[in-house]
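**Student:** Here's a structure for you.
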Number of protein chains: 2
Amino acid sequence: MAKPRFQNPKGTRDLYPEELLRRRYITQVWRDTSIRHGFEEIDGPTFETADLYAVKSGDGILGELFQAFSGKSPEEVEQVQKEGRAPFALRPEFTPTLARMYAARAAQLPKPTKWFSIGPFFRAERPQRGRLREFLQWNADVMTDPDSSDPSSDADLLDLSANGLRGFGIDQTIARIHIYDRRWFTARAAFHGVREDAVPHILTLTDRREKMPREEFESQLRALGVADSWIASLSAGGGGTLPLAPAALAEFVGTPHGESQGAHLAMPLATALSETALVDNADWKSSLALFDSRIVRGLAYYTGTVFEVIAEGERAVAGGGRYDNLIELLGGPPTPAVGFAMGDVVLSLLLEDKDLMPEGQDLLEAVSRPGASLRPEAFVVTADEALDPEVRRLVATLRRGVPREAFDGAPWSSDRYETRPLHARRSYKSTRNIGKLIKDATGQHARTLVIIESAEHATLQHLDTKTKLENIPLDQVPAKVAELTR
Amino acid sequence: MAKPRFQNPKGTRDLYPEELLRRRYITQVWRDTSIRHGFEEIDGPTFETADLYAVKSGDGILGELFQAFSGKSPEEVEQVQKEGRAPFALRPEFTPTLARMYAARAAQLPKPTKWFSIGPFFRAERPQRGRLREFLQWNADVMTDPDSSDPSSDADLLDLSANGLRGFGIDQTIARIHIYDRRWFTARAAFHGVREDAVPHILTLTDRREKMPREEFESQLRALGVADSWIASLSAGGGGTLPLAPAALAEFVGTPHGESQGAHLAMPLATALSETALVDNADWKSSLALFDSRIVRGLAYYTGTVFEVIAEGERAVAGGGRYDNLIELLGGPPTPAVGFAMGDVVLSLLLEDKDLMPEGQDLLEAVSRPGASLRPEAFVVTADEALDPEVRRLVATLRRGVPREAFDGAPWSSDRYETRPLHARRSYKSTRNIGKLIKDATGQHARTLVIIESAEHATLQHLDTKTKLENIPLDQVPAKVAELTR
């Protein structure tokens with residue numbers, strides 16, 4: 001008699017020990033990087049009310065999802081039989097859950113709120129290389145005050161995604177972050193003489209470009225009043241890229257081509273990025289961040305910045321952007337927000353292609369390394385507003401990691417890891433009173449406090465032992481912090 | 001206009017940062033303990049083919065589950081509308097997935113195979129205190145050769161569950177592991193003059209005892225030929241408990257009461273347990289393991305040992321047992337297996353009641369502690385079969401943990417943790433050739449090798465540096481290993 005043999009459902013994975021360790025390696029890099037950037041972990045249910053997704057994406061979304069119901073509830077079984085749709089859906093993405101959770105406690109939450117999450121997600125797509133029906137996803141989001149309009153939270157989030165990549169050994173030779181912005185697109189439309197009220201239609205159309213014949217795409221654009229010159233460019237996915245560094249952008253802005261692409265509007269973000277570990281303004285060719293006017297996917301949904309991490313072969317490893325309206329849509333107060341998501345499927349393929357996935361004993365050691373400290377190892381403040389850029393720069397340097405030679409005795413078991421990234425935070429309080437800033441640091445359980453005194457020097461204070469080091473040159477601070485927090 | 005407001009589905013949880021950290025604390029203790037006991041992590045899909053559960057538990061199980069289908073598949077939507085049942089189910093337990101995965105690769109897997117898993121599970125029950133519709137569960141299982149019949153894998157698994165409890169600070173004053181065995185029950189039935197073929201019926205009946213009136217329960221037992229004296233005892237949940245230590249059991253076995261409960265059959269397990277960190281034969285009153293003839297839940301399903309971790313207030317924190325037929329049922333070869341599961345909901349309530357859940361900075365530090373090393377810190381062998389019990393004893397001691405005073409310079413940030421448990425393994429190979437045993441150790445990437453030379457002494461060898469220490473008294477081995485693997 002043949003025995004029943006069962007397999008995992010199509011598009012899902014069985015993880016035996018070796019595969020599970022690879023997954024652990026990925027989730028640990030995601031988690032450790034998030035923690036070091038001052039993000040706090042949250043999670044929600046694996047399934048949500050189906051309507052939550054319909055509110056965000058329209059009723060049609062239910063046809064793309066795995067739907068669920070309780071076999072114990074006669075009402076739910078009856079509903080499913082009658083309507084062919086269930087009351088719940090396995091989560092296809094995290095943003096609606098996050099927005100719902102933020103909306104429920106908005107009044108008590110700090111500004112900004114920085115959250116990350118790692119867990120399983122589900123889509124009813126046809127399984128193929130790079131796409132599964134169950135996959136893991138890392139989500140990170142920054143929610144700010146409604147009246148905060150500076151691009152520092154975009155820069156903060158982009159820096160996190162960059163260090164997320166670097167944690168795996170992915171640098172600008174392997175993947176780059178391509179950035180555009182709905183507002184830049186609107187300026188571009190104006191340059192081409194298109195009326196502002198046509199912009200949403202053009203965006204929806206360009207988002208669907210690959211789903212229709214070229215002729216239809218072009219004739220619909222023409223009907224919206226788009227000039228032939230721009231139609232040709234949009235249709236060919238035209239536009240260009242350049243490093244999103246102030247020096248590179250400044251040159252481009254002066255050209256007619258730069259103006260046509262809204263490049264002048266990108267300067268504040270470029271400046272903010274140059275304070276992170278993401279863009280080196282002196283060596284902008286090595287920039288991980290690119291200004292890319294070809295980015296159209298998502299422009300119809302997001303309200304500002306949009307970005308995609310694109311590796312060789314046009315593989316999208318991650319994506320995200322600014323969605324300032326969603327939390328209000330789900331019942332919260334008006335809340336500007338920016339977030340991104342990275343899945344494990346395309347990332348795994350990339351790591352394997354590039355021989356960046358440790359194996360055997362290396363894998364055991366990589367996964368056994370001590371994780372990020374949940375207590376911030378450094379909390380950086382200044383009493384002088386003019387030094388705020390130095391604060392942001394130092395925080396980014398600490399998070400990127402201290403070269404191994406800068407301190408000794410670190411407990412690494414493998415040469416693979418040449419740096420020790422630190423958990424660094426800064427104060428978001430408006431006060432300049434050092435006493436109050438120290439309170440902020442101890443309230444967040446920081447281990448050391450770094451007070452930037454001038455463009456050259458800082459004072460270091462160990463908050464547990466009260467040891468104090470004065471007049472430390474700024475470039476020596478990371479090694480000193482690493483030493484104090486060993 | 002009222003805005004739509006969404007909540008999490010009933011019986012699920014939103015985990016904000018503080019709750020997420022508590023969950024991380026729990027999963028880290030589970031994971032670290034499993035790794036130190038030589039278990040390897042695996043995982044399967046979040047949903048499985050519904051039939052997988054029906055094969056194990058009968059078709060009725062589908063009415064207890066969350067069922068799922070692809071909203072994109074017209075065939076699946078049609079099936080759900082027609083039959084009111086879906087092709088998939090959110091996993092209510094891990095064992096069927098594990099059995100399916102083991103069956104698929106049985107021929108290549110080592111003997112024993114020791115697997116653990118941590119993830120979300122789902123039941124369509126009415127939510128109440130201690131029961132949610134989505135919860136986390138830790139599963140651990142040992143699969144052995146069909147001809148292996150010694151109780152050491154039961155002892156291995158029970159020791160893991162005991163150290164899982166101790167990792168949270170739960171000792172025998174808070175919870176104990178209550179153990180019984182289907183085979184002991186069969187002997188008990190024989191003692192009471194019940195025919196063997198009636199035993200499965202009695203077990204199914206006692207499993208459902210709480211779901212029927214006492215009179216009905218008793219009359220059905222009577223119909224099965226059970227004598228009134230035993231009916232009274234079964235009906236009252238009667239029987240007794242005693243520490244499952246050889247010394248305690250030996251006394252009980254000699255009494256008529258002992259014989260009536262099959263206690264003599266428990267001696268091999270008691271002996272195996274006395275080689276673990278679970279039972280101290282010299283101080284058996286402090287035993288975490290109890291012989292408990294009142295354990296009936298699960299006896300109908302399991303084929304041998306059955307156990308429940310029971311805390312004050314009769315709260316069941318975990319449970320498990322031996323299921324020697326399931327893997328064959330799912331298409332694998334005959335495979336004796338023993339496993340347990342511990343959920344996070346009752347455990348969390350217990351930790352909070354007992355003030356064992358760290359808070360604030362303590363919680364941050366507890367979750368930031370270095371995790372278990374995936375490379376075994378000690379691999380224990382002997383060339384002398386007579387010393388096998390010493391091997392098992394030493395492995396258990398290493399896993400339980402080395403007192404903090406025994407070595408210095410350990411990187412603990414809190415006084416909460418007084419011991420450093422180690423990842424210890426032993427060879428399961430039958431060879432007594434030390435060269436082959438060293439190969440086994442290096443194949444498993446062990447850091448040190450401990451060769452037990454006599455009942456008093458061992459040789460220690462650091463497998464990376466080749467340092468060798470000879471004539472180490474057995475009771476000093478743990479501290480030496482801790483020192484060598486700092």
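Note on naming: chains are A, B, ... as they come in the structure tokens, residues start from 1 per chain, ligands start from 1 in the order shown.
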Report as a PyMOL selection string the set of chain B residues whose atoms approach chain A to within 6 Å, with distances computed over only C-alpha atoms.

**Tutor:** chain B and resi 3-5+12-17+20+40-45+63-72+77+81+84+124+330-331+364+368+370+373-374

**Student:** List as number ranges by chain the protein and nucleic acid residues near Thr204 of chain B, meaning an atom at most 12 Å away when only C-alpha atoms are counted, but skip any in the same chain fewer than 5 places from it.

**Tutor:** B: 182, 198-199, 209-211, 217, 220-221, 224, 296-302

**Student:** Ile434 of chain B: which residues within 12 Å, counting only C-alpha atoms, same-chain residues fewer than 2 positions away excluded, as an MDAnalysis selection string?

**Tutor:** chainID B and resid 380:384 427 429:432 436:441 449:453 459

**Student:** What lies within 9 Å of Arg393 of chain B using only C-alpha atoms, ignoring chain neighbours under 2 positions off, as a list of chain:residue names?

**Tutor:**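 That gives B:Ser274, B:Glu275, B:Thr276, B:Ala277, B:Asp388, B:Pro389, B:Glu390, B:Val391, B:Val395, B:Ala396, B:Thr397, B:Leu398.
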
**Student:** Can those selected residues be exported to a file as an mmCIF file, in the first residue's frame so that it contains N, CA, C and O atoms?

**Tutor:**
```
data_model
loop_
_atom_site.group_PDB
_atom_site.id
_atom_site.type_symbol
_atom_site.label_atom_id
_atom_site.label_comp_id
_atom_site.auth_asym_id
_atom_site.auth_seq_id
_atom_site.Cartn_x
_atom_site.Cartn_y
_atom_site.Cartn_z
ATOM 1 N N SER B 274 18.867 10.343 36.247
ATOM 2 C CA SER B 274 19.826 10.652 37.327
ATOM 3 C C SER B 274 21.211 10.967 36.754
ATOM 4 O O SER B 274 22.068 11.470 37.453
ATOM 5 N N GLU B 275 21.422 10.681 35.475
ATOM 6 C CA GLU B 275 22.676 11.081 34.823
ATOM 7 C C GLU B 275 22.593 12.485 34.235
ATOM 8 O O GLU B 275 23.559 13.013 33.699
ATOM 9 N N THR B 276 21.423 13.081 34.261
ATOM 10 C CA THR B 276 21.257 14.441 33.731
ATOM 11 C C THR B 276 21.299 15.440 34.877
ATOM 12 O O THR B 276 21.445 15.064 36.037
ATOM 13 N N ALA B 277 21.116 16.691 34.550
ATOM 14 C CA ALA B 277 21.074 17.726 35.577
ATOM 15 C C ALA B 277 19.686 17.820 36.198
ATOM 16 O O ALA B 277 19.402 18.701 36.995
ATOM 17 N N ASP B 388 30.613 5.477 29.862
ATOM 18 C CA ASP B 388 29.532 6.193 29.173
ATOM 19 C C ASP B 388 28.633 6.999 30.118
ATOM 20 O O ASP B 388 28.267 8.129 29.800
ATOM 21 N N PRO B 389 28.268 6.431 31.285
ATOM 22 C CA PRO B 389 27.454 7.248 32.197
ATOM 23 C C PRO B 389 28.173 8.530 32.616
ATOM 24 O O PRO B 389 27.544 9.583 32.766
ATOM 25 N N GLU B 390 29.520 8.463 32.775
ATOM 26 C CA GLU B 390 30.281 9.672 33.125
ATOM 27 C C GLU B 390 30.218 10.700 31.998
ATOM 28 O O GLU B 390 30.171 11.914 32.250
ATOM 29 N N VAL B 391 30.253 10.200 30.759
ATOM 30 C CA VAL B 391 30.149 11.106 29.608
ATOM 31 C C VAL B 391 28.824 11.861 29.680
ATOM 32 O O VAL B 391 28.779 13.081 29.600
ATOM 33 N N VAL B 395 28.353 15.922 30.259
ATOM 34 C CA VAL B 395 27.657 16.734 29.256
ATOM 35 C C VAL B 395 26.510 17.507 29.913
ATOM 36 O O VAL B 395 26.332 18.702 29.688
ATOM 37 N N ALA B 396 25.758 16.825 30.777
ATOM 38 C CA ALA B 396 24.633 17.484 31.454
ATOM 39 C C ALA B 396 25.123 18.610 32.355
ATOM 40 O O ALA B 396 24.513 19.682 32.431
ATOM 41 N N THR B 397 26.249 18.363 33.052
ATOM 42 C CA THR B 397 26.791 19.394 33.943
ATOM 43 C C THR B 397 27.216 20.627 33.150
ATOM 44 O O THR B 397 26.941 21.762 33.549
ATOM 45 N N LEU B 398 27.908 20.396 32.037
ATOM 46 C CA LEU B 398 28.360 21.518 31.201
ATOM 47 C C LEU B 398 27.175 22.341 30.696
ATOM 48 O O LEU B 398 27.193 23.565 30.692
#
```

**Student:** Find the spatial neighbours of Pro336 of chain B, counting only C-alpha atoms, within a cut-off of 9 Å - ignore same-chain residues fewer than 2 positions away - and output them as a list in words.

**Tutor:**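 Here the qualifying residues turn out to be Val142, Met143, Thr144, Asp145, Pro146, Asp147, Ser148, Ser149, Arg322, Tyr323, Asp324, Asn325, Leu326, Ile327, Pro334 and Val338 of chain B.
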
**Student:** Measure the distance from atom CA of His37 of chain B to atom CA of Val317 of chain B in Å and round it to one decimal.

**Tutor:** 20.0 Å

**Student:** Counting only C-alpha atoms, figure out which residue out of A:Pro358, A:Pro151, A:Gly319, A:Pro333 gets nearest to Ala107 of chain A.

**Tutor:**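 Distance minimum relative to Ala107 of chain A lands on A:Pro333.
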